[in-house]
$ cat final_34.txt   # compact mmCIF, C-alpha atoms and all ligand atoms
# COMPACT_ATOMS: atom_id res chain seq x y z
CA MET P 1 -28.00 1.77 -17.81
CA MET P 2 -26.28 1.75 -14.41
CA ALA P 3 -22.78 0.31 -14.62
CA ALA P 4 -22.25 -3.03 -12.83
CA ILE P 5 -20.66 -2.43 -9.44
CA PRO P 6 -17.26 -4.08 -8.99
CA GLN P 7 -16.83 -6.30 -5.95
CA HIS P 8 -13.34 -5.24 -4.93
CA ILE P 9 -11.74 -1.88 -5.67
CA ALA P 10 -8.19 -0.94 -4.71
CA ILE P 11 -7.00 2.66 -4.64
CA ILE P 12 -3.53 4.18 -4.48
CA MET P 13 -4.32 7.47 -2.75
CA ASP P 14 -1.63 9.58 -4.41
CA GLY P 15 -1.06 13.26 -5.13
CA ASN P 16 -1.46 14.86 -1.71
CA GLY P 17 1.90 16.63 -1.89
CA ARG P 18 1.28 18.06 -5.35
CA TRP P 19 -2.18 19.20 -4.29
CA ALA P 20 -0.68 21.07 -1.32
CA LYS P 21 1.94 22.68 -3.53
CA LYS P 22 -0.67 23.71 -6.08
CA ASN P 23 -2.64 25.39 -3.29
CA GLY P 24 0.38 26.98 -1.59
CA LEU P 25 -0.02 24.82 1.53
CA PRO P 26 2.35 22.59 3.53
CA ARG P 27 2.38 18.90 2.48
CA LYS P 28 0.69 18.02 5.74
CA ALA P 29 -2.40 19.96 4.66
CA GLY P 30 -2.53 17.80 1.53
CA HIS P 31 -2.48 14.65 3.63
CA LYS P 32 -5.25 16.03 5.83
CA LYS P 33 -7.46 16.77 2.84
CA GLY P 34 -6.56 13.32 1.48
CA ALA P 35 -7.83 11.71 4.68
CA GLU P 36 -11.15 13.54 4.35
CA VAL P 37 -11.50 12.41 0.77
CA PHE P 38 -10.76 8.84 1.86
CA GLN P 39 -13.67 9.04 4.31
CA THR P 40 -16.03 10.32 1.61
CA ILE P 41 -14.96 7.70 -0.94
CA SER P 42 -15.09 4.76 1.45
CA ARG P 43 -18.62 5.73 2.51
CA TYR P 44 -19.60 6.10 -1.12
CA CYS P 45 -18.21 2.66 -2.00
CA GLU P 46 -20.17 1.11 0.83
CA LYS P 47 -23.33 2.90 -0.28
CA ILE P 48 -23.16 1.69 -3.87
CA GLY P 49 -22.57 -1.91 -2.80
CA VAL P 50 -18.83 -2.51 -3.22
CA LYS P 51 -17.93 -5.61 -1.16
CA ALA P 52 -14.31 -4.75 -0.44
CA LEU P 53 -12.19 -1.62 -0.69
CA THR P 54 -8.42 -1.70 -0.24
CA VAL P 55 -6.60 1.62 0.07
CA TYR P 56 -2.89 2.37 0.07
CA ALA P 57 -2.17 4.86 2.84
CA PHE P 58 1.56 4.36 3.57
CA SER P 59 4.08 2.16 1.80
CA THR P 60 7.13 0.31 3.13
CA GLU P 61 9.14 2.84 1.09
CA ASN P 62 7.42 5.93 2.51
CA TRP P 63 9.66 5.74 5.60
CA SER P 64 12.34 7.29 3.40
CA ARG P 65 10.56 10.65 3.53
CA SER P 66 11.66 13.37 5.96
CA ALA P 67 11.09 12.65 9.64
CA ASP P 68 8.81 15.68 9.70
CA GLU P 69 6.54 14.32 7.02
CA VAL P 70 6.52 10.77 8.44
CA ASN P 71 5.66 12.08 11.92
CA ALA P 72 2.93 14.29 10.55
CA LEU P 73 1.47 11.34 8.64
CA MET P 74 1.52 9.08 11.70
CA GLU P 75 -0.12 11.73 13.88
CA LEU P 76 -2.73 12.44 11.29
CA PHE P 77 -3.38 8.79 10.89
CA HIS P 78 -3.88 8.34 14.64
CA GLN P 79 -6.18 11.34 14.89
CA TYR P 80 -8.12 10.24 11.87
CA LEU P 81 -8.70 6.76 13.27
CA VAL P 82 -9.86 8.15 16.60
CA ASP P 83 -12.30 10.53 14.91
CA ALA P 84 -13.57 8.28 12.16
CA PHE P 85 -13.89 4.85 13.62
CA LYS P 86 -14.95 5.58 17.14
CA GLN P 87 -18.11 7.28 15.95
CA GLU P 88 -21.48 5.62 15.85
CA GLY P 89 -22.80 4.57 12.51
CA GLU P 90 -19.67 2.98 11.01
CA THR P 91 -20.51 -0.35 9.42
CA SER P 92 -17.36 -1.32 7.52
CA ARG P 93 -15.22 -4.18 8.72
CA VAL P 94 -11.82 -2.58 9.02
CA ARG P 95 -8.57 -4.50 8.58
CA PHE P 96 -5.11 -2.99 8.61
CA ILE P 97 -2.78 -4.67 6.19
CA GLY P 98 0.99 -4.33 6.27
CA ARG P 99 3.72 -4.56 8.88
CA LYS P 100 2.96 -3.74 12.47
CA ASP P 101 6.49 -3.90 13.90
CA ARG P 102 7.60 -0.41 12.85
CA LEU P 103 4.51 1.50 13.99
CA SER P 104 4.18 2.98 17.48
CA ASP P 105 2.62 0.76 20.18
CA LYS P 106 -0.08 3.38 20.64
CA LEU P 107 -1.06 3.26 16.99
CA VAL P 108 -1.00 -0.54 16.83
CA LYS P 109 -3.22 -0.70 19.93
CA LEU P 110 -5.77 1.61 18.35
CA MET P 111 -5.68 -0.32 15.09
CA THR P 112 -6.29 -3.59 16.94
CA GLU P 113 -9.22 -2.09 18.84
CA ILE P 114 -10.81 -0.87 15.64
CA GLU P 115 -10.33 -4.25 13.94
CA GLN P 116 -11.92 -6.03 16.89
CA GLN P 117 -14.76 -3.56 17.29
CA SER P 118 -15.69 -3.70 13.63
CA SER P 119 -15.10 -7.40 12.98
CA GLU P 120 -18.78 -8.34 13.14
CA TYR P 121 -20.07 -5.29 11.27
CA PRO P 122 -22.32 -6.11 8.34
CA GLY P 123 -20.84 -3.74 5.76
CA MET P 124 -18.02 -3.59 3.28
CA ILE P 125 -14.57 -4.93 4.10
CA LEU P 126 -12.20 -1.97 4.31
CA ASN P 127 -8.52 -2.89 4.09
CA ILE P 128 -6.24 0.00 5.00
CA ALA P 129 -2.67 -0.57 3.88
CA VAL P 130 -0.18 1.01 6.29
CA ASP P 131 3.53 0.15 6.14
CA TYR P 132 2.43 -2.12 3.34
CA GLY P 133 4.60 -3.43 0.52
CA GLY P 134 3.58 -6.08 -1.98
CA ARG P 135 7.05 -7.63 -1.92
CA ASP P 136 7.06 -7.66 1.86
CA GLU P 137 3.68 -9.42 1.84
CA ILE P 138 4.96 -12.13 -0.53
CA VAL P 139 8.12 -12.63 1.55
CA GLU P 140 5.99 -13.02 4.69
CA ILE P 141 3.82 -15.62 2.95
CA ALA P 142 6.92 -17.55 1.89
CA LYS P 143 8.24 -17.42 5.47
CA SER P 144 4.99 -18.68 6.99
CA LEU P 145 4.92 -21.58 4.52
CA ALA P 146 8.56 -22.35 5.33
CA VAL P 147 7.78 -22.47 9.06
CA ASP P 148 4.84 -24.82 8.49
CA TYR P 149 7.03 -26.97 6.28
CA ALA P 150 9.91 -27.06 8.74
CA GLU P 151 7.54 -28.04 11.53
CA GLY P 152 6.06 -30.83 9.44
CA ARG P 153 2.54 -29.42 9.00
CA ILE P 154 2.75 -29.20 5.21
CA GLY P 155 4.71 -30.81 2.39
CA PRO P 156 6.23 -29.35 -0.80
CA GLU P 157 2.94 -29.98 -2.64
CA ASP P 158 1.31 -27.43 -0.32
CA PHE P 159 3.37 -24.59 -1.80
CA ASN P 160 0.85 -23.60 -4.45
CA GLU P 161 -1.25 -20.67 -5.64
CA ALA P 162 -4.13 -21.52 -3.32
CA SER P 163 -1.93 -21.66 -0.22
CA PHE P 164 -0.31 -18.34 -1.18
CA ASP P 165 -3.74 -16.83 -1.75
CA GLU P 166 -4.96 -18.01 1.65
CA ARG P 167 -2.05 -16.28 3.34
CA THR P 168 -2.34 -12.91 1.63
CA PHE P 169 -3.57 -9.99 3.72
CA THR P 170 -6.67 -9.83 1.52
CA ALA P 171 -7.61 -13.50 1.96
CA GLY P 172 -11.37 -13.93 1.99
CA CYS P 173 -12.00 -10.82 -0.16
CA PRO P 174 -13.20 -11.17 -3.75
CA PRO P 175 -10.42 -10.80 -6.36
CA VAL P 176 -9.33 -7.17 -6.94
CA ASP P 177 -11.37 -5.99 -9.95
CA PHE P 178 -9.40 -2.84 -10.55
CA ILE P 179 -6.58 -0.83 -9.08
CA LEU P 180 -7.18 2.88 -9.40
CA ARG P 181 -4.37 5.38 -9.24
CA PRO P 182 -5.18 9.06 -9.35
CA SER P 183 -2.42 11.73 -9.56
CA GLY P 184 -1.26 10.95 -13.10
CA GLU P 185 1.44 8.43 -12.11
CA GLU P 186 1.18 5.12 -13.92
CA ARG P 187 2.79 2.48 -11.72
CA LEU P 188 1.91 0.15 -8.84
CA SER P 189 4.61 1.39 -6.43
CA ASN P 190 4.68 -2.01 -4.68
CA PHE P 191 0.90 -2.24 -4.12
CA LEU P 192 -0.87 -5.64 -4.21
CA LEU P 193 1.68 -7.33 -6.45
CA TRP P 194 0.29 -10.84 -5.96
CA GLN P 195 -3.36 -9.77 -6.15
CA ALA P 196 -2.86 -7.60 -9.24
CA ALA P 197 -2.31 -10.58 -11.59
CA TYR P 198 -5.58 -9.96 -13.46
CA SER P 199 -6.78 -6.67 -12.02
CA GLU P 200 -7.59 -3.88 -14.45
CA LEU P 201 -5.39 -0.81 -13.97
CA ILE P 202 -7.10 2.55 -14.14
CA TYR P 203 -5.06 5.74 -14.02
CA MET P 204 -6.68 9.13 -13.64
CA ASP P 205 -5.26 12.59 -13.99
CA VAL P 206 -6.70 14.03 -10.80
CA LEU P 207 -4.91 14.55 -7.49
CA TRP P 208 -6.33 12.46 -4.64
CA PRO P 209 -7.44 15.47 -2.52
CA ASP P 210 -9.53 16.62 -5.53
CA PHE P 211 -11.05 13.18 -6.04
CA THR P 212 -14.87 12.98 -5.80
CA PRO P 213 -17.53 10.26 -6.01
CA ALA P 214 -18.10 11.40 -9.62
CA HIS P 215 -14.49 10.40 -10.40
CA LEU P 216 -15.15 6.99 -8.88
CA ASP P 217 -18.25 6.65 -11.08
CA GLN P 218 -16.04 7.42 -14.10
CA ALA P 219 -13.54 4.76 -13.02
CA ILE P 220 -16.35 2.20 -12.62
CA GLU P 221 -17.65 3.08 -16.08
CA GLU P 222 -14.16 2.63 -17.50
CA PHE P 223 -13.90 -0.73 -15.72
CA ASN P 224 -17.19 -1.79 -17.28
CA ARG P 225 -15.84 -0.95 -20.75
CA ARG P 226 -12.84 -3.25 -20.31
CA ASN P 227 -12.91 -6.67 -21.91
CA ARG P 228 -11.50 -9.07 -19.34
CA ARG P 229 -10.24 -12.29 -20.86
CA PHE P 230 -8.16 -13.91 -18.11
CA GLY P 231 -6.03 -15.55 -20.76
CA GLY P 232 -8.99 -17.07 -22.60
CA ARG P 233 -10.44 -16.09 -25.95
CA SER P 234 -12.54 -12.95 -26.26
C1 LIG H 301 0.20 10.19 -1.17
O1 LIG H 301 0.53 11.48 -1.55
C2 LIG H 301 0.29 9.97 0.31
C3 LIG H 301 1.42 9.13 0.72
C4 LIG H 301 2.26 8.53 -0.08
C5 LIG H 301 1.61 8.94 2.14
P1 LIG H 301 2.03 11.93 -1.81
O2 LIG H 301 2.59 12.48 -0.55
O3 LIG H 301 2.83 10.84 -2.43
O4 LIG H 301 1.80 13.10 -2.85
P2 LIG H 301 2.69 13.45 -4.12
O5 LIG H 301 2.84 12.21 -4.93
O6 LIG H 301 4.01 13.92 -3.58
O7 LIG H 301 1.93 14.52 -4.82
C1 LIG H 302 2.41 5.18 -3.30
O1 LIG H 302 2.64 6.51 -3.57
C2 LIG H 302 2.09 5.00 -1.84
C3 LIG H 302 0.85 5.63 -1.37
C4 LIG H 302 0.03 6.34 -2.06
C5 LIG H 302 0.55 5.39 0.00
P1 LIG H 302 4.11 7.13 -3.62
O2 LIG H 302 3.93 8.58 -3.86
O3 LIG H 302 4.87 6.72 -2.42
O4 LIG H 302 4.73 6.40 -4.88
P2 LIG H 302 5.90 6.85 -5.86
O5 LIG H 302 7.06 7.24 -4.99
O6 LIG H 302 5.40 7.99 -6.67
O7 LIG H 302 6.16 5.63 -6.70
MG MG H 303 3.14 10.30 -4.36
$ encode --input "final_34.txt" --output "structure tokens"
Amino acid sequence: MMAAIPQHIAIIMDGNGRWAKKNGLPRKAGHKKGAEVFQTISRYCEKIGVKALTVYAFSTENWSRSADEVNALMELFHQYLVDAFKQEGETSRVRFIGRKDRLSDKLVKLMTEIEQQSSEYPGMILNIAVDYGGRDEIVEIAKSLAVDYAEGRIGPEDFNEASFDERTFTAGCPPVDFILRPSGEERLSNFLLWQAAYSELIYMDVLWPDFTPAHLDQAIEEFNRRNRRFGGRS
């Protein structure tokens, strides 16, 4: 029997550096291959009927890498967006989640164009996390509630799970069914901390640039074997 398709998948696209090393290539080449794999996997998710896909492309902590690597990533990211999303035939609704104030004006402009251009598309919601941190997201939510409180729009009773949910970057998406991390690492690294409350965590021992649709099928099968209880009885 075909496994049930999850509504919302989140992926930590990790292992590009190790893949490059394994193949005797510069780290940048690993990131380039990783971007290609991202394209393949996001198309595949859309094809099989996933409603929302959230991918971790650059964390708030990734700025601590060498200037060389950060610059290469930003350039690659820009080039990738130009190539991928300006083509005909894209149907995903793209949203960039994360901070915008530390990215170049040029990149932010392109991101905004892509969000606007794709906002009415009929397909999957594709959240791309760039300069994203789960803690940063929660702090921003707290700040926006504080501003509304200070300006008299809401009272203390409006600080609740629903109002936090509404202000997350993934508001309007179905709950995250599972967070997938290839590369062998078993941690969240500051990804979707609020949203992860009841997500299944699936770790796979494959480097992201080697990841294929068949690996995603395996992850979906694993997800279907999990017994989700949400605190209730099984
Ligand atoms: C993921 O690959 C891409 C980013 C974090 C930008 P890494 O660059 O973390 O690859 P590894 O973990 O060093 O193999
Ligand atoms: C998480 O991977 C961030 C992305 C994949 C974008 P990292 O490689 O930065 O995480 P750590 O350092 O292994 O925790
Ligand atoms: Mg890594």
$ residues_around --input "final_34.txt" --residues "range 132-144 of chain P" --least-positions-apart "4" --cutoff "10 Å" --atoms "all atoms listed in the file" --output "MDAnalysis selection string"
chainID P and resid 56:62 96:100 128 148:150 159 163:169 188:196
$ write_last_selection --input "final_34.txt" --atoms "C-alpha atoms" --output "PDB file, keeping the file's coordinate frame"
ATOM      1  CA  TYR P  56      -2.890   2.370   0.070  1.00  0.00           C
ATOM      2  CA  ALA P  57      -2.170   4.860   2.840  1.00  0.00           C
ATOM      3  CA  PHE P  58       1.560   4.360   3.570  1.00  0.00           C
ATOM      4  CA  SER P  59       4.080   2.160   1.800  1.00  0.00           C
ATOM      5  CA  THR P  60       7.130   0.310   3.130  1.00  0.00           C
ATOM      6  CA  GLU P  61       9.140   2.840   1.090  1.00  0.00           C
ATOM      7  CA  ASN P  62       7.420   5.930   2.510  1.00  0.00           C
ATOM      8  CA  PHE P  96      -5.110  -2.990   8.610  1.00  0.00           C
ATOM      9  CA  ILE P  97      -2.780  -4.670   6.190  1.00  0.00           C
ATOM     10  CA  GLY P  98       0.990  -4.330   6.270  1.00  0.00           C
ATOM     11  CA  ARG P  99       3.720  -4.560   8.880  1.00  0.00           C
ATOM     12  CA  LYS P 100       2.960  -3.740  12.470  1.00  0.00           C
ATOM     13  CA  ILE P 128      -6.240   0.000   5.000  1.00  0.00           C
ATOM     14  CA  ASP P 148       4.840 -24.820   8.490  1.00  0.00           C
ATOM     15  CA  TYR P 149       7.030 -26.970   6.280  1.00  0.00           C
ATOM     16  CA  ALA P 150       9.910 -27.060   8.740  1.00  0.00           C
ATOM     17  CA  PHE P 159       3.370 -24.590  -1.800  1.00  0.00           C
ATOM     18  CA  SER P 163      -1.930 -21.660  -0.220  1.00  0.00           C
ATOM     19  CA  PHE P 164      -0.310 -18.340  -1.180  1.00  0.00           C
ATOM     20  CA  ASP P 165      -3.740 -16.830  -1.750  1.00  0.00           C
ATOM     21  CA  GLU P 166      -4.960 -18.010   1.650  1.00  0.00           C
ATOM     22  CA  ARG P 167      -2.050 -16.280   3.340  1.00  0.00           C
ATOM     23  CA  THR P 168      -2.340 -12.910   1.630  1.00  0.00           C
ATOM     24  CA  PHE P 169      -3.570  -9.990   3.720  1.00  0.00           C
ATOM     25  CA  LEU P 188       1.910   0.150  -8.840  1.00  0.00           C
ATOM     26  CA  SER P 189       4.610   1.390  -6.430  1.00  0.00           C
ATOM     27  CA  ASN P 190       4.680  -2.010  -4.680  1.00  0.00           C
ATOM     28  CA  PHE P 191       0.900  -2.240  -4.120  1.00  0.00           C
ATOM     29  CA  LEU P 192      -0.870  -5.640  -4.210  1.00  0.00           C
ATOM     30  CA  LEU P 193       1.680  -7.330  -6.450  1.00  0.00           C
ATOM     31  CA  TRP P 194       0.290 -10.840  -5.960  1.00  0.00           C
ATOM     32  CA  GLN P 195      -3.360  -9.770  -6.150  1.00  0.00           C
ATOM     33  CA  ALA P 196      -2.860  -7.600  -9.240  1.00  0.00           C
TER      34      ALA P 196
END
$ residues_near_point --input "final_34.txt" --point "(-17.3, 7.9, 1.5)" --cutoff "12 Å" --atoms "only C-alpha atoms" --output "PyMOL selection string"
chain P and resi 35-50+53+84+90-92+124+126+211-214+216
$ residues_around --input "final_34.txt" --residues "Gly15 in chain P" --least-positions-apart "5" --cutoff "8 Å" --atoms "all atoms listed in the file" --output "mmCIF file with C-alpha atoms, in the frame of the given file"
data_model
loop_
_atom_site.group_PDB
_atom_site.id
_atom_site.type_symbol
_atom_site.label_atom_id
_atom_site.label_comp_id
_atom_site.auth_asym_id
_atom_site.auth_seq_id
_atom_site.Cartn_x
_atom_site.Cartn_y
_atom_site.Cartn_z
ATOM 1 C CA PRO P 182 -5.180 9.060 -9.350
ATOM 2 C CA SER P 183 -2.420 11.730 -9.560
ATOM 3 C CA LEU P 207 -4.910 14.550 -7.490
ATOM 4 C CA TRP P 208 -6.330 12.460 -4.640
ATOM 5 C CA PRO P 209 -7.440 15.470 -2.520
#
$ axis_aligned_box --input "final_34.txt" --around "ligand LIG 301 (chain H)" --padding-each-side "8 Å" --output "lines of an AutoDock Vina configuration file"
center_x = 2.1
center_y = 11.5
center_z = -1.4
size_x = 19.8
size_y = 22.0
size_z = 23.1
$ closest_residue --input "final_34.txt" --among "P:Gln79, P:Gly89, P:Asp210, P:Val108" --to "Gly30 in chain P" --atoms "all atoms listed in the file"
P:Asp210
$ atom_distance --input "final_34.txt" --atom1 "CA of Phe178 in chain P" --atom2 "CA of Pro6 in chain P"
8.1 Å
$ residues_near_point --input "final_34.txt" --point "(-8.7, -6.6, -21.6)" --cutoff "12 Å" --atoms "only C-alpha atoms" --output "mmCIF file with C-alpha atoms, in the coordinates of the input"
data_model
loop_
_atom_site.group_PDB
_atom_site.id
_atom_site.type_symbol
_atom_site.label_atom_id
_atom_site.label_comp_id
_atom_site.auth_asym_id
_atom_site.auth_seq_id
_atom_site.Cartn_x
_atom_site.Cartn_y
_atom_site.Cartn_z
ATOM 1 C CA ASP P 177 -11.370 -5.990 -9.950
ATOM 2 C CA PHE P 178 -9.400 -2.840 -10.550
ATOM 3 C CA TYR P 198 -5.580 -9.960 -13.460
ATOM 4 C CA SER P 199 -6.780 -6.670 -12.020
ATOM 5 C CA GLU P 200 -7.590 -3.880 -14.450
ATOM 6 C CA LEU P 201 -5.390 -0.810 -13.970
ATOM 7 C CA ILE P 202 -7.100 2.550 -14.140
ATOM 8 C CA GLU P 222 -14.160 2.630 -17.500
ATOM 9 C CA PHE P 223 -13.900 -0.730 -15.720
ATOM 10 C CA ASN P 224 -17.190 -1.790 -17.280
ATOM 11 C CA ARG P 225 -15.840 -0.950 -20.750
ATOM 12 C CA ARG P 226 -12.840 -3.250 -20.310
ATOM 13 C CA ASN P 227 -12.910 -6.670 -21.910
ATOM 14 C CA ARG P 228 -11.500 -9.070 -19.340
ATOM 15 C CA ARG P 229 -10.240 -12.290 -20.860
ATOM 16 C CA PHE P 230 -8.160 -13.910 -18.110
ATOM 17 C CA GLY P 231 -6.030 -15.550 -20.760
ATOM 18 C CA GLY P 232 -8.990 -17.070 -22.600
ATOM 19 C CA ARG P 233 -10.440 -16.090 -25.950
ATOM 20 C CA SER P 234 -12.540 -12.950 -26.260
#
$ residues_near_ligand --input "final_34.txt" --ligand "ligand MG 303 (chain H)" --cutoff "9 Å" --atoms "all atoms listed in the file" --output "PyMOL selection string"
chain P and resi 13-18+183+185
$ closest_residue --input "final_34.txt" --among "P:Ala162, P:Asp131, P:Ala20, P:Thr112" --to "Met74 in chain P" --atoms "all atoms listed in the file"
P:Asp131
$ closest_residue --input "final_34.txt" --among "P:Arg65, P:His8, P:Lys51, P:Lys109" --to "ligand LIG 301 (chain H)" --atoms "only C-alpha atoms and all ligand atoms"
P:Arg65
$ atom_distance --input "final_34.txt" --atom1 "CA of Ile9 in chain P" --atom2 "CA of Ser64 in chain P"
27.3 Å
$ closest_residue --input "final_34.txt" --among "P:Lys21, P:His31, P:Arg187, P:Lys86" --to "ligand LIG 302 (chain H)" --atoms "only C-alpha atoms and all ligand atoms"
P:Arg187
$ atom_distance --input "final_34.txt" --atom1 "CA of Ala29 in chain P" --atom2 "CA of Ile114 in chain P"
25.0 Å
$ closest_residue --input "final_34.txt" --among "P:Gly24, P:Gly34, P:Pro156, P:Pro175" --to "ligand LIG 302 (chain H)" --atoms "only C-alpha atoms and all ligand atoms"
P:Gly34
$ closest_residue --input "final_34.txt" --among "P:Ile179, P:Ile12, P:Val94, P:Met111" --to "His78 in chain P" --atoms "all atoms listed in the file"
P:Met111
$ decode --input "final_34.txt" --residues "range 109-122 of chain P" --atoms "N, CA and C atoms" --output "mmCIF file, in the first residue's frame"
data_model
loop_
_atom_site.group_PDB
_atom_site.id
_atom_site.type_symbol
_atom_site.label_atom_id
_atom_site.label_comp_id
_atom_site.auth_asym_id
_atom_site.auth_seq_id
_atom_site.Cartn_x
_atom_site.Cartn_y
_atom_site.Cartn_z
ATOM 1 N N LYS P 109 15.774 42.099 -2.148
ATOM 2 C CA LYS P 109 14.905 42.569 -3.236
ATOM 3 C C LYS P 109 14.445 41.384 -4.088
ATOM 4 N N LEU P 110 15.386 40.526 -4.415
ATOM 5 C CA LEU P 110 15.069 39.337 -5.216
ATOM 6 C C LEU P 110 14.111 38.416 -4.460
ATOM 7 N N MET P 111 14.361 38.234 -3.182
ATOM 8 C CA MET P 111 13.489 37.383 -2.372
ATOM 9 C C MET P 111 12.065 37.936 -2.353
ATOM 10 N N THR P 112 11.958 39.246 -2.200
ATOM 11 C CA THR P 112 10.627 39.874 -2.164
ATOM 12 C C THR P 112 9.913 39.698 -3.504
ATOM 13 N N GLU P 113 10.648 39.869 -4.588
ATOM 14 C CA GLU P 113 10.048 39.688 -5.922
ATOM 15 C C GLU P 113 9.500 38.275 -6.082
ATOM 16 N N ILE P 114 10.307 37.312 -5.661
ATOM 17 C CA ILE P 114 9.894 35.910 -5.807
ATOM 18 C C ILE P 114 8.669 35.610 -4.948
ATOM 19 N N GLU P 115 8.658 36.151 -3.736
ATOM 20 C CA GLU P 115 7.483 35.949 -2.860
ATOM 21 C C GLU P 115 6.234 36.547 -3.506
ATOM 22 N N GLN P 116 6.385 37.746 -4.047
ATOM 23 C CA GLN P 116 5.216 38.399 -4.650
ATOM 24 C C GLN P 116 4.757 37.665 -5.897
ATOM 25 N N GLN P 117 5.721 37.316 -6.741
ATOM 26 C CA GLN P 117 5.391 36.646 -7.998
ATOM 27 C C GLN P 117 4.701 35.307 -7.767
ATOM 28 N N SER P 118 5.097 34.611 -6.718
ATOM 29 C CA SER P 118 4.565 33.261 -6.518
ATOM 30 C C SER P 118 3.383 33.216 -5.550
ATOM 31 N N SER P 119 2.988 34.361 -5.017
ATOM 32 C CA SER P 119 2.017 34.344 -3.906
ATOM 33 C C SER P 119 0.659 33.764 -4.279
ATOM 34 N N GLU P 120 0.311 33.823 -5.562
ATOM 35 C CA GLU P 120 -0.999 33.292 -5.965
ATOM 36 C C GLU P 120 -0.876 31.920 -6.640
ATOM 37 N N TYR P 121 0.333 31.367 -6.656
ATOM 38 C CA TYR P 121 0.502 30.077 -7.315
ATOM 39 C C TYR P 121 -0.319 29.007 -6.590
ATOM 40 N N PRO P 122 -0.740 27.999 -7.354
ATOM 41 C CA PRO P 122 -1.645 27.008 -6.774
ATOM 42 C C PRO P 122 -0.952 25.903 -5.973
#
